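Engineer: The file below is run.cif, mmCIF, C-alpha atoms:
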```
data_my_file
#
loop_
_atom_site.group_PDB
_atom_site.id
_atom_site.type_symbol
_atom_site.label_atom_id
_atom_site.label_comp_id
_atom_site.auth_asym_id
_atom_site.auth_seq_id
_atom_site.Cartn_x
_atom_site.Cartn_y
_atom_site.Cartn_z
ATOM 1 C CA MET A 1 119.206 84.319 97.743
ATOM 2 C CA LYS A 2 116.513 86.940 98.233
ATOM 3 C CA ILE A 3 116.700 90.531 97.049
ATOM 4 C CA GLY A 4 113.879 92.808 98.174
ATOM 5 C CA VAL A 5 112.445 95.588 96.026
ATOM 6 C CA VAL A 6 110.524 98.260 97.922
ATOM 7 C CA THR A 7 107.339 99.690 96.443
ATOM 8 C CA PHE A 8 106.444 103.188 97.612
ATOM 9 C CA PRO A 9 103.289 105.023 96.529
ATOM 10 C CA GLY A 10 104.401 106.334 93.137
ATOM 11 C CA SER A 11 107.227 103.863 92.476
ATOM 12 C CA LEU A 12 107.338 103.021 88.762
ATOM 13 C CA ASP A 13 110.299 100.742 88.181
ATOM 14 C CA ASP A 14 109.727 98.263 90.985
ATOM 15 C CA VAL A 15 108.501 95.539 88.631
ATOM 16 C CA ASP A 16 111.463 96.047 86.262
ATOM 17 C CA ALA A 17 113.817 95.886 89.247
ATOM 18 C CA GLN A 18 112.165 92.647 90.390
ATOM 19 C CA ARG A 19 112.586 91.239 86.910
ATOM 20 C CA ALA A 20 116.266 92.256 86.829
ATOM 21 C CA VAL A 21 116.757 90.432 90.138
ATOM 22 C CA ASP A 22 115.108 87.322 88.667
ATOM 23 C CA VAL A 23 117.198 87.513 85.480
ATOM 24 C CA ALA A 24 120.314 87.764 87.660
ATOM 25 C CA GLY A 25 119.377 84.492 89.319
ATOM 26 C CA ALA A 26 118.068 85.658 92.696
ATOM 27 C CA GLU A 27 114.561 85.584 94.111
ATOM 28 C CA ALA A 28 112.861 88.989 94.007
ATOM 29 C CA ILE A 29 110.809 89.768 97.101
ATOM 30 C CA ALA A 30 108.267 92.582 96.949
ATOM 31 C CA LEU A 31 108.533 94.842 100.005
ATOM 32 C CA TRP A 32 105.851 97.364 100.957
ATOM 33 C CA HIS A 33 106.666 100.863 102.172
ATOM 34 C CA ASP A 34 104.113 100.773 104.983
ATOM 35 C CA GLU A 35 105.512 97.704 106.751
ATOM 36 C CA HIS A 36 108.351 97.256 109.238
ATOM 37 C CA ASP A 37 109.301 93.983 107.569
ATOM 38 C CA LEU A 38 112.242 93.154 105.303
ATOM 39 C CA ARG A 39 110.936 89.557 104.936
ATOM 40 C CA GLY A 40 114.358 88.031 105.487
ATOM 41 C CA VAL A 41 115.957 89.466 102.335
ATOM 42 C CA ASP A 42 119.733 89.536 101.834
ATOM 43 C CA ALA A 43 119.798 92.842 99.942
ATOM 44 C CA VAL A 44 117.414 95.681 99.074
ATOM 45 C CA VAL A 45 116.742 97.711 95.936
ATOM 46 C CA LEU A 46 114.959 101.069 96.161
ATOM 47 C CA PRO A 47 113.539 101.488 92.667
ATOM 48 C CA GLY A 48 112.939 104.501 90.465
ATOM 49 C CA GLY A 49 109.745 106.439 90.049
ATOM 50 C CA PHE A 50 108.048 109.420 91.624
ATOM 51 C CA SER A 51 107.298 108.362 95.183
ATOM 52 C CA TYR A 52 104.739 110.688 96.775
ATOM 53 C CA GLY A 53 104.615 112.567 93.476
ATOM 54 C CA ASP A 54 108.037 114.103 94.229
ATOM 55 C CA TYR A 55 106.142 116.398 96.620
ATOM 56 C CA LEU A 56 108.266 118.551 98.964
ATOM 57 C CA ARG A 57 111.565 117.194 97.564
ATOM 58 C CA CYS A 58 112.184 113.963 95.651
ATOM 59 C CA GLY A 59 112.429 111.173 98.211
ATOM 60 C CA ALA A 60 111.835 113.441 101.216
ATOM 61 C CA ILE A 61 108.551 111.863 102.297
ATOM 62 C CA SER A 62 109.463 108.252 101.452
ATOM 63 C CA ARG A 63 112.465 108.621 103.715
ATOM 64 C CA PHE A 64 110.093 108.574 106.692
ATOM 65 C CA SER A 65 108.149 105.480 105.619
ATOM 66 C CA PRO A 66 108.140 102.522 108.051
ATOM 67 C CA ILE A 67 110.220 100.274 105.750
ATOM 68 C CA MET A 68 113.005 102.881 105.622
ATOM 69 C CA THR A 69 113.562 102.523 109.387
ATOM 70 C CA GLU A 70 114.389 98.871 108.686
ATOM 71 C CA VAL A 71 116.435 99.623 105.546
ATOM 72 C CA ILE A 72 118.536 102.232 107.394
ATOM 73 C CA GLU A 73 119.173 99.813 110.269
ATOM 74 C CA ALA A 74 120.081 96.944 107.922
ATOM 75 C CA ALA A 75 122.331 99.197 105.823
ATOM 76 C CA GLY A 76 124.162 100.144 109.016
ATOM 77 C CA LYS A 77 124.867 96.458 109.596
ATOM 78 C CA GLY A 78 126.294 96.074 106.081
ATOM 79 C CA MET A 79 123.335 94.835 104.023
ATOM 80 C CA PRO A 80 123.782 95.732 100.341
ATOM 81 C CA VAL A 81 121.335 98.492 99.351
ATOM 82 C CA LEU A 82 121.010 99.881 95.815
ATOM 83 C CA GLY A 83 118.983 103.024 95.156
ATOM 84 C CA ILE A 84 118.178 103.740 91.529
ATOM 85 C CA CYS A 85 117.029 107.205 90.455
ATOM 86 C CA ASN A 86 114.249 108.032 92.938
ATOM 87 C CA GLY A 87 115.828 105.361 95.148
ATOM 88 C CA PHE A 88 119.106 107.321 95.027
ATOM 89 C CA GLN A 89 117.187 110.452 96.032
ATOM 90 C CA ILE A 90 115.637 108.547 98.961
ATOM 91 C CA LEU A 91 119.121 107.399 100.068
ATOM 92 C CA THR A 92 120.492 110.957 100.091
ATOM 93 C CA GLU A 93 117.396 112.205 101.943
ATOM 94 C CA SER A 94 117.949 109.374 104.461
ATOM 95 C CA HIS A 95 121.574 110.529 104.902
ATOM 96 C CA LEU A 96 122.753 107.048 103.969
ATOM 97 C CA LEU A 97 124.592 108.745 101.097
ATOM 98 C CA PRO A 98 126.153 112.222 101.059
ATOM 99 C CA GLY A 99 125.079 115.064 98.780
ATOM 100 C CA ALA A 100 121.753 115.779 97.126
ATOM 101 C CA LEU A 101 120.034 115.613 93.741
ATOM 102 C CA LEU A 102 118.730 118.816 92.210
ATOM 103 C CA ARG A 103 116.722 119.863 89.187
ATOM 104 C CA ASN A 104 118.694 119.211 85.979
ATOM 105 C CA ASP A 105 120.621 122.114 84.548
ATOM 106 C CA GLY A 106 118.531 123.253 81.608
ATOM 107 C CA LEU A 107 115.359 122.257 83.494
ATOM 108 C CA LYS A 108 114.524 119.508 80.993
ATOM 109 C CA PHE A 109 113.626 115.945 81.846
ATOM 110 C CA VAL A 110 116.383 113.899 80.213
ATOM 111 C CA CYS A 111 115.663 110.488 78.681
ATOM 112 C CA ARG A 112 118.523 108.915 76.768
ATOM 113 C CA ASP A 113 120.814 105.922 76.405
ATOM 114 C CA GLN A 114 123.723 107.080 78.544
ATOM 115 C CA ARG A 115 127.309 105.880 78.554
ATOM 116 C CA LEU A 116 128.886 105.473 81.970
ATOM 117 C CA ARG A 117 132.210 104.398 83.364
ATOM 118 C CA ILE A 118 132.153 102.115 86.389
ATOM 119 C CA GLU A 119 134.770 103.734 88.613
ATOM 120 C CA ASN A 120 134.635 101.394 91.587
ATOM 121 C CA THR A 121 134.279 97.636 91.139
ATOM 122 C CA GLN A 122 134.734 96.859 94.843
ATOM 123 C CA THR A 123 131.120 97.443 95.885
ATOM 124 C CA PRO A 124 128.664 94.526 96.193
ATOM 125 C CA TRP A 125 126.712 96.064 93.294
ATOM 126 C CA THR A 126 129.606 96.495 90.835
ATOM 127 C CA SER A 127 132.024 93.629 91.548
ATOM 128 C CA ASP A 128 131.078 91.739 88.360
ATOM 129 C CA TYR A 129 132.253 94.660 86.190
ATOM 130 C CA ALA A 130 135.818 94.864 84.883
ATOM 131 C CA ASP A 131 137.800 97.809 86.244
ATOM 132 C CA GLY A 132 136.943 100.930 84.251
ATOM 133 C CA ALA A 133 134.134 99.170 82.367
ATOM 134 C CA GLU A 134 132.196 101.453 80.025
ATOM 135 C CA ILE A 135 128.506 100.627 79.809
ATOM 136 C CA THR A 136 125.338 102.030 78.259
ATOM 137 C CA VAL A 137 122.103 102.133 80.237
ATOM 138 C CA VAL A 138 119.012 104.327 80.226
ATOM 139 C CA LEU A 139 119.000 107.637 82.042
ATOM 140 C CA LYS A 140 115.566 109.172 82.639
ATOM 141 C CA SER A 141 115.256 111.865 85.250
ATOM 142 C CA GLY A 142 114.321 115.480 85.822
ATOM 143 C CA GLU A 143 116.164 115.931 89.117
ATOM 144 C CA GLY A 144 119.416 114.102 88.576
ATOM 145 C CA LYS A 145 122.013 116.788 89.144
ATOM 146 C CA TYR A 146 124.313 115.428 91.831
ATOM 147 C CA VAL A 147 125.692 118.093 94.164
ATOM 148 C CA ALA A 148 127.756 118.113 97.338
ATOM 149 C CA ASP A 149 130.186 120.617 98.809
ATOM 150 C CA GLU A 150 133.775 120.602 97.530
ATOM 151 C CA ASP A 151 135.164 118.889 100.645
ATOM 152 C CA THR A 152 132.645 116.079 100.326
ATOM 153 C CA LEU A 153 133.396 115.680 96.603
ATOM 154 C CA ASP A 154 137.140 115.543 97.300
ATOM 155 C CA ARG A 155 136.564 112.948 100.000
ATOM 156 C CA LEU A 156 134.347 110.840 97.711
ATOM 157 C CA GLU A 157 136.992 110.921 94.978
ATOM 158 C CA GLY A 158 139.825 110.222 97.409
ATOM 159 C CA GLU A 159 138.076 107.247 98.966
ATOM 160 C CA GLY A 160 137.007 105.782 95.621
ATOM 161 C CA ARG A 161 133.351 106.325 96.431
ATOM 162 C CA VAL A 162 132.412 107.700 93.016
ATOM 163 C CA VAL A 163 130.904 104.465 91.683
ATOM 164 C CA ALA A 164 129.905 105.633 88.192
ATOM 165 C CA ARG A 165 130.575 108.684 86.048
ATOM 166 C CA TYR A 166 128.827 110.052 82.949
ATOM 167 C CA LEU A 167 130.763 109.698 79.683
ATOM 168 C CA ASP A 168 130.431 111.673 76.416
ATOM 169 C CA VAL A 169 128.057 114.293 77.841
ATOM 170 C CA ASN A 170 127.128 115.460 81.279
ATOM 171 C CA PRO A 171 123.350 115.138 80.888
ATOM 172 C CA ASN A 172 122.187 117.076 83.936
ATOM 173 C CA GLY A 173 125.006 119.220 85.312
ATOM 174 C CA SER A 174 126.079 116.724 87.982
ATOM 175 C CA LEU A 175 129.240 117.935 89.682
ATOM 176 C CA ARG A 176 132.352 116.101 88.450
ATOM 177 C CA ASP A 177 130.112 114.062 86.091
ATOM 178 C CA ILE A 178 129.023 111.895 89.024
ATOM 179 C CA ALA A 179 126.296 109.365 88.187
ATOM 180 C CA GLY A 180 126.556 107.244 91.322
ATOM 181 C CA VAL A 181 128.213 107.160 94.742
ATOM 182 C CA SER A 182 128.580 104.774 97.669
ATOM 183 C CA ASN A 183 128.672 105.115 101.435
ATOM 184 C CA GLU A 184 131.938 104.744 103.333
ATOM 185 C CA ARG A 185 131.575 100.998 103.764
ATOM 186 C CA GLY A 186 130.581 100.532 100.106
ATOM 187 C CA ASN A 187 127.446 98.478 100.750
ATOM 188 C CA VAL A 188 125.047 101.341 99.977
ATOM 189 C CA VAL A 189 125.136 102.539 96.374
ATOM 190 C CA GLY A 190 123.005 105.213 94.706
ATOM 191 C CA LEU A 191 122.825 105.515 90.944
ATOM 192 C CA MET A 192 120.861 107.973 88.801
ATOM 193 C CA PRO A 193 120.704 105.899 85.572
ATOM 194 C CA HIS A 194 118.676 102.693 85.356
ATOM 195 C CA PRO A 195 120.604 99.399 85.069
ATOM 196 C CA GLU A 196 117.344 97.473 85.595
ATOM 197 C CA HIS A 197 116.163 98.639 82.157
ATOM 198 C CA ALA A 198 119.224 97.083 80.498
ATOM 199 C CA VAL A 199 119.149 93.418 81.467
ATOM 200 C CA GLU A 200 117.601 91.770 78.405
ATOM 201 C CA ASP A 201 118.210 92.189 74.675
ATOM 202 C CA LEU A 202 114.497 92.407 73.895
ATOM 203 C CA CYS A 203 114.182 95.941 75.219
ATOM 204 C CA GLY A 204 116.506 98.707 76.291
ATOM 205 C CA PRO A 205 119.977 99.475 74.989
ATOM 206 C CA GLY A 206 121.466 96.045 75.756
ATOM 207 C CA VAL A 207 122.374 94.023 78.824
ATOM 208 C CA ASP A 208 125.055 96.265 80.310
ATOM 209 C CA GLY A 209 123.009 96.845 83.466
ATOM 210 C CA LEU A 210 122.682 93.207 84.463
ATOM 211 C CA ALA A 211 126.032 93.058 86.264
ATOM 212 C CA PHE A 212 124.697 95.362 89.012
ATOM 213 C CA PHE A 213 122.358 92.568 89.978
ATOM 214 C CA THR A 214 124.652 89.585 89.301
ATOM 215 C CA SER A 215 127.322 91.369 91.385
ATOM 216 C CA ALA A 216 125.016 91.339 94.385
ATOM 217 C CA VAL A 217 124.233 87.668 93.791
ATOM 218 C CA SER A 218 127.938 86.717 93.585
ATOM 219 C CA GLN A 219 128.773 88.791 96.672
ATOM 220 C CA LEU A 220 125.984 87.241 98.696
ATOM 221 C CA LEU A 221 127.001 83.736 97.616
ATOM 222 C CA ARG A 222 130.545 84.468 98.762
ATOM 223 C CA ALA A 223 129.393 85.866 102.121
ATOM 224 C CA MET B 224 95.424 129.257 117.290
ATOM 225 C CA ALA B 225 98.568 130.631 115.801
ATOM 226 C CA ARG B 226 100.307 130.472 112.469
ATOM 227 C CA VAL B 227 103.991 129.664 112.234
ATOM 228 C CA VAL B 228 105.671 130.217 108.882
ATOM 229 C CA VAL B 229 108.714 128.306 107.686
ATOM 230 C CA ASP B 230 110.522 129.746 104.665
ATOM 231 C CA VAL B 231 112.908 127.400 102.864
ATOM 232 C CA MET B 232 115.456 128.692 100.358
ATOM 233 C CA LEU B 233 118.264 127.040 98.442
ATOM 234 C CA LYS B 234 121.620 127.926 99.972
ATOM 235 C CA PRO B 235 123.220 130.937 98.252
ATOM 236 C CA GLU B 236 126.000 128.823 96.720
ATOM 237 C CA ILE B 237 123.513 126.430 95.061
ATOM 238 C CA LEU B 238 122.511 127.434 91.553
ATOM 239 C CA ASP B 239 118.723 127.816 91.208
ATOM 240 C CA PRO B 240 117.761 127.001 87.601
ATOM 241 C CA GLN B 241 114.056 127.643 88.310
ATOM 242 C CA GLY B 242 114.771 131.115 89.628
ATOM 243 C CA LYS B 243 116.973 131.704 86.605
ATOM 244 C CA ALA B 244 114.164 130.682 84.242
ATOM 245 C CA VAL B 245 111.762 133.070 86.014
ATOM 246 C CA HIS B 246 114.362 135.816 85.800
ATOM 247 C CA GLY B 247 114.755 135.092 82.094
ATOM 248 C CA ALA B 248 111.026 135.678 81.549
ATOM 249 C CA LEU B 249 110.990 139.156 83.059
ATOM 250 C CA PRO B 250 112.125 141.020 79.930
ATOM 251 C CA ARG B 251 109.094 139.539 78.149
ATOM 252 C CA LEU B 252 106.958 141.480 80.604
ATOM 253 C CA GLY B 253 108.894 144.589 79.780
ATOM 254 C CA VAL B 254 110.549 144.506 83.208
ATOM 255 C CA SER B 255 114.160 145.517 83.588
ATOM 256 C CA GLY B 256 116.343 146.228 86.599
ATOM 257 C CA VAL B 257 115.655 142.951 88.443
ATOM 258 C CA VAL B 258 119.134 141.497 88.732
ATOM 259 C CA ASP B 259 118.352 138.061 90.189
ATOM 260 C CA VAL B 260 115.455 135.768 91.170
ATOM 261 C CA ARG B 261 115.641 132.921 93.659
ATOM 262 C CA GLN B 262 112.689 130.583 94.162
ATOM 263 C CA GLY B 263 111.845 129.049 97.525
ATOM 264 C CA LYS B 264 109.074 127.404 99.513
ATOM 265 C CA ARG B 265 106.791 128.743 102.218
ATOM 266 C CA PHE B 266 105.068 126.465 104.730
ATOM 267 C CA GLU B 267 102.258 127.713 106.987
ATOM 268 C CA LEU B 268 101.774 125.597 110.087
ATOM 269 C CA GLU B 269 98.574 126.197 112.081
ATOM 270 C CA VAL B 270 99.107 125.244 115.706
ATOM 271 C CA ASP B 271 96.627 125.088 118.584
ATOM 272 C CA GLU B 272 98.814 127.121 120.889
ATOM 273 C CA LEU B 273 102.228 128.646 120.799
ATOM 274 C CA SER B 274 104.890 127.719 123.324
ATOM 275 C CA ASP B 275 108.673 127.493 123.384
ATOM 276 C CA GLU B 276 108.304 123.751 123.231
ATOM 277 C CA ARG B 277 106.096 123.996 120.138
ATOM 278 C CA LEU B 278 108.525 126.359 118.418
ATOM 279 C CA ALA B 279 111.419 124.029 119.166
ATOM 280 C CA GLN B 280 109.387 121.212 117.648
ATOM 281 C CA ILE B 281 108.740 123.276 114.511
ATOM 282 C CA HIS B 282 112.467 123.984 114.168
ATOM 283 C CA ASP B 283 112.979 120.243 114.361
ATOM 284 C CA ILE B 284 110.341 119.622 111.657
ATOM 285 C CA ALA B 285 111.900 122.339 109.494
ATOM 286 C CA GLU B 286 115.335 120.796 109.763
ATOM 287 C CA LYS B 287 114.337 117.155 109.345
ATOM 288 C CA LEU B 288 111.486 117.297 106.850
ATOM 289 C CA LEU B 289 110.674 120.705 105.386
ATOM 290 C CA SER B 290 114.247 121.467 104.354
ATOM 291 C CA ASN B 291 117.259 119.437 103.305
ATOM 292 C CA PRO B 292 120.190 120.990 105.177
ATOM 293 C CA VAL B 293 122.610 119.778 102.481
ATOM 294 C CA ILE B 294 121.159 122.238 99.968
ATOM 295 C CA GLU B 295 118.684 124.490 101.803
ATOM 296 C CA ASP B 296 118.403 126.985 104.650
ATOM 297 C CA TYR B 297 115.206 127.633 106.580
ATOM 298 C CA ARG B 298 113.786 130.471 108.653
ATOM 299 C CA VAL B 299 110.945 130.224 111.158
ATOM 300 C CA HIS B 300 108.715 133.117 112.176
ATOM 301 C CA VAL B 301 105.379 133.523 113.900
ATOM 302 C CA GLU B 302 102.811 135.372 111.838
ATOM 303 C CA GLU B 303 100.932 138.126 113.615
ATOM 304 C CA GLN B 304 97.192 137.460 113.727
ATOM 305 C CA ALA B 305 95.110 140.065 111.882
#
```
Starting from the coordinates I provided, produce the structure as structure tokens.
Structural biologist:
Amino acid sequence: MKIGVVTFPGSLDDVDAQRAVDVAGAEAIALWHDEHDLRGVDAVVLPGGFSYGDYLRCGAISRFSPIMTEVIEAAGKGMPVLGICNGFQILTESHLLPGALLRNDGLKFVCRDQRLRIENTQTPWTSDYADGAEITVVLKSGEGKYVADEDTLDRLEGEGRVVARYLDVNPNGSLRDIAGVSNERGNVVGLMPHPEHAVEDLCGPGVDGLAFFTSAVSQLLRA
Amino acid sequence: MARVVVDVMLKPEILDPQGKAVHGALPRLGVSGVVDVRQGKRFELEVDELSDERLAQIHDIAEKLLSNPVIEDYRVHVEEQA
């Protein structure tokens, strides 16, 4: 079981994501943005960070990197893809996910332990969660405000494609408290908070994030 | 040589917190009467020669890379040489 983690110039959380994959019991494979090679992985994680310094728009330049051609093709064939934070931004810029991520309301970079509700446990990244599970993971982003037009939001809600929602407070002004969404098929998931920072008791707010990675492992074993 | 300018602005229905922050600073300069500020981006593309084909290509660049059509509109114009 191999899960690839892509490193772009300016990725920060690639090593944490690799570690989360290891902790979940899969083999983490480092993938490089400048190659057309997925190295035979079964799933891909696009990690957080500030690829290309967030120049132009967050994720806008990474979207055109050679590896993304492969990721987009594989996602189209059903490969599980998880984009975390900057990875989520790259997925919306790639049009693999609808909507966009804007500067937080209040303009402040937000870094906090954030409660979330997992709204959809049918995706390959959330199947190990109980329905309606409430979890706490780290949120750390300056451009995390999820927006889409009303029709798109209604469609996402109607089709159960809101994967996670903010609880207690809406930290960034995201419409309808949306913290994460999936594509139509459910294999591509984007999430603003960071489950990879909550996989071990030693650091972070607990181990609530681990199930994102064990879900993928269980799904791939079943496939 | 010619210069083609692409202006990118957030769509009118998208709230612009940066523009709002700039607007909020105006009273500190003693300025009143400015009712709104929107912040955008300007790209200057220097091209070797101008043709319809080149302009079509720049529209393509503007749509695919320079702007995100989900949240932004763009406008292309050719700048007159001084």
Engineer: Need the neighbours of (132.0, 110.7, 80.0): which residues are at most 9 Å away, counting all atoms listed in the file, as a list in words?
Structural biologist: Arg115, Leu116, Arg117, Arg165, Tyr166, Leu167, Asp168, Val169, Asn170 and Asp177 of chain A
Engineer: Please enumerate the residues selected by the PyMOL selection byres ((chain A) within 7 of (chain B)) when evaluated against the supplied file, formatted as a CSV table (one decimal) with C-alpha atoms, keeping the file's coordinate frame.
Structural biologist:
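The result, stored in selection-v4.csv:
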```csv
chain,number,residue,atom,x,y,z
A,60,ALA,CA,111.8,113.4,101.2
A,99,GLY,CA,125.1,115.1,98.8
A,100,ALA,CA,121.8,115.8,97.1
A,105,ASP,CA,120.6,122.1,84.5
A,107,LEU,CA,115.4,122.3,83.5
```
Engineer: When the PyMOL selection byres ((chain A and resi 56) around 12) is applied to the file above, which residues end up in the set, as a PDB file with C-alpha atoms, in the frame of the given file?
Structural biologist:
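Final file, expr_36.pdb:
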```pdb
ATOM      1  CA  PHE A  50     108.048 109.420  91.624  1.00  0.00           C
ATOM      2  CA  SER A  51     107.298 108.362  95.183  1.00  0.00           C
ATOM      3  CA  TYR A  52     104.739 110.688  96.775  1.00  0.00           C
ATOM      4  CA  GLY A  53     104.615 112.567  93.476  1.00  0.00           C
ATOM      5  CA  ASP A  54     108.037 114.103  94.229  1.00  0.00           C
ATOM      6  CA  TYR A  55     106.142 116.398  96.620  1.00  0.00           C
ATOM      7  CA  ARG A  57     111.565 117.194  97.564  1.00  0.00           C
ATOM      8  CA  CYS A  58     112.184 113.963  95.651  1.00  0.00           C
ATOM      9  CA  GLY A  59     112.429 111.173  98.211  1.00  0.00           C
ATOM     10  CA  ALA A  60     111.835 113.441 101.216  1.00  0.00           C
ATOM     11  CA  ILE A  61     108.551 111.863 102.297  1.00  0.00           C
ATOM     12  CA  SER A  62     109.463 108.252 101.452  1.00  0.00           C
ATOM     13  CA  ARG A  63     112.465 108.621 103.715  1.00  0.00           C
ATOM     14  CA  GLU A  93     117.396 112.205 101.943  1.00  0.00           C
TER      15      GLU A  93
ATOM     16  CA  VAL B 231     112.908 127.400 102.864  1.00  0.00           C
ATOM     17  CA  GLY B 263     111.845 129.049  97.525  1.00  0.00           C
ATOM     18  CA  LYS B 264     109.074 127.404  99.513  1.00  0.00           C
ATOM     19  CA  ARG B 265     106.791 128.743 102.218  1.00  0.00           C
ATOM     20  CA  PHE B 266     105.068 126.465 104.730  1.00  0.00           C
ATOM     21  CA  ALA B 285     111.900 122.339 109.494  1.00  0.00           C
ATOM     22  CA  LEU B 288     111.486 117.297 106.850  1.00  0.00           C
ATOM     23  CA  LEU B 289     110.674 120.705 105.386  1.00  0.00           C
ATOM     24  CA  SER B 290     114.247 121.467 104.354  1.00  0.00           C
ATOM     25  CA  ASN B 291     117.259 119.437 103.305  1.00  0.00           C
TER      26      ASN B 291
END
```
Engineer: Starting from the shown file, work through the PyMOL selection byres ((chain A and resi 42) around 12) and note down what comes out as a PyMOL selection string.
Structural biologist: chain A and resi 1-5+26-29+38-41+43-45+71+74-75+77-81+124+187+216-221+223
Engineer: Any chance you can output those residues with C-alpha atoms as a PDB file, in the coordinates of the input?
Structural biologist:
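Result file result.pdb:
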```pdb
ATOM      1  CA  MET A   1     119.206  84.319  97.743  1.00  0.00           C
ATOM      2  CA  LYS A   2     116.513  86.940  98.233  1.00  0.00           C
ATOM      3  CA  ILE A   3     116.700  90.531  97.049  1.00  0.00           C
ATOM      4  CA  GLY A   4     113.879  92.808  98.174  1.00  0.00           C
ATOM      5  CA  VAL A   5     112.445  95.588  96.026  1.00  0.00           C
ATOM      6  CA  ALA A  26     118.068  85.658  92.696  1.00  0.00           C
ATOM      7  CA  GLU A  27     114.561  85.584  94.111  1.00  0.00           C
ATOM      8  CA  ALA A  28     112.861  88.989  94.007  1.00  0.00           C
ATOM      9  CA  ILE A  29     110.809  89.768  97.101  1.00  0.00           C
ATOM     10  CA  LEU A  38     112.242  93.154 105.303  1.00  0.00           C
ATOM     11  CA  ARG A  39     110.936  89.557 104.936  1.00  0.00           C
ATOM     12  CA  GLY A  40     114.358  88.031 105.487  1.00  0.00           C
ATOM     13  CA  VAL A  41     115.957  89.466 102.335  1.00  0.00           C
ATOM     14  CA  ALA A  43     119.798  92.842  99.942  1.00  0.00           C
ATOM     15  CA  VAL A  44     117.414  95.681  99.074  1.00  0.00           C
ATOM     16  CA  VAL A  45     116.742  97.711  95.936  1.00  0.00           C
ATOM     17  CA  VAL A  71     116.435  99.623 105.546  1.00  0.00           C
ATOM     18  CA  ALA A  74     120.081  96.944 107.922  1.00  0.00           C
ATOM     19  CA  ALA A  75     122.331  99.197 105.823  1.00  0.00           C
ATOM     20  CA  LYS A  77     124.867  96.458 109.596  1.00  0.00           C
ATOM     21  CA  GLY A  78     126.294  96.074 106.081  1.00  0.00           C
ATOM     22  CA  MET A  79     123.335  94.835 104.023  1.00  0.00           C
ATOM     23  CA  PRO A  80     123.782  95.732 100.341  1.00  0.00           C
ATOM     24  CA  VAL A  81     121.335  98.492  99.351  1.00  0.00           C
ATOM     25  CA  PRO A 124     128.664  94.526  96.193  1.00  0.00           C
ATOM     26  CA  ASN A 187     127.446  98.478 100.750  1.00  0.00           C
ATOM     27  CA  ALA A 216     125.016  91.339  94.385  1.00  0.00           C
ATOM     28  CA  VAL A 217     124.233  87.668  93.791  1.00  0.00           C
ATOM     29  CA  SER A 218     127.938  86.717  93.585  1.00  0.00           C
ATOM     30  CA  GLN A 219     128.773  88.791  96.672  1.00  0.00           C
ATOM     31  CA  LEU A 220     125.984  87.241  98.696  1.00  0.00           C
ATOM     32  CA  LEU A 221     127.001  83.736  97.616  1.00  0.00           C
ATOM     33  CA  ALA A 223     129.393  85.866 102.121  1.00  0.00           C
TER      34      ALA A 223
END
```
Engineer: If we count all atoms listed in the file, what is near region 278-281 of chain B at a cut-off of 12 Å, once residues fewer than 6 positions away on the same chain are taken out, given as an NGL selection string?
Structural biologist: :B and (225-230 or 266-272 or 287-290 or 297-301)
Engineer: Using only C-alpha atoms, can you tell me which of B:Ser255, B:Leu249, B:Glu286, B:Asp296 comes closest to Pro235 (chain B)?
Structural biologist: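 The shortest atom-to-atom distance to Pro235 (chain B) comes from B:Asp296.
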Engineer: So that I can see what lies close to Ala148 (chain A), please list as a PyMOL selection string the residues with an atom at most 12 Å from it, counting all atoms listed in the file and leaving out residues fewer than 5 positions away in the same chain.
Structural biologist: (chain A and resi 92+97-102+153-157+174-176+178+181) or (chain B and resi 234+236-237+292-295)
Engineer: For each of A:Arg112, A:Gly87, A:Val162, A:Glu150, take the minimum atom-to-atom distance to Gly132 (chain A), counting all atoms listed in the file, then give the residue where this is smallest.
Structural biologist: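 Among the listed residues, the smallest separation from Gly132 (chain A) belongs to A:Val162.
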Engineer: Please work out which residues fall within 9 Å of (129.3, 98.0, 92.2), coordinates as given in the file, with all atoms listed in the file counting, and return them as a PyMOL selection string.
Structural biologist: chain A and resi 118-129+163-164+182+186-187+189+211-212+215-216
Engineer: What is the CA of Cys85 (chain A) to CA of Ala17 (chain A) distance in Å?
Structural biologist: 11.8 Å
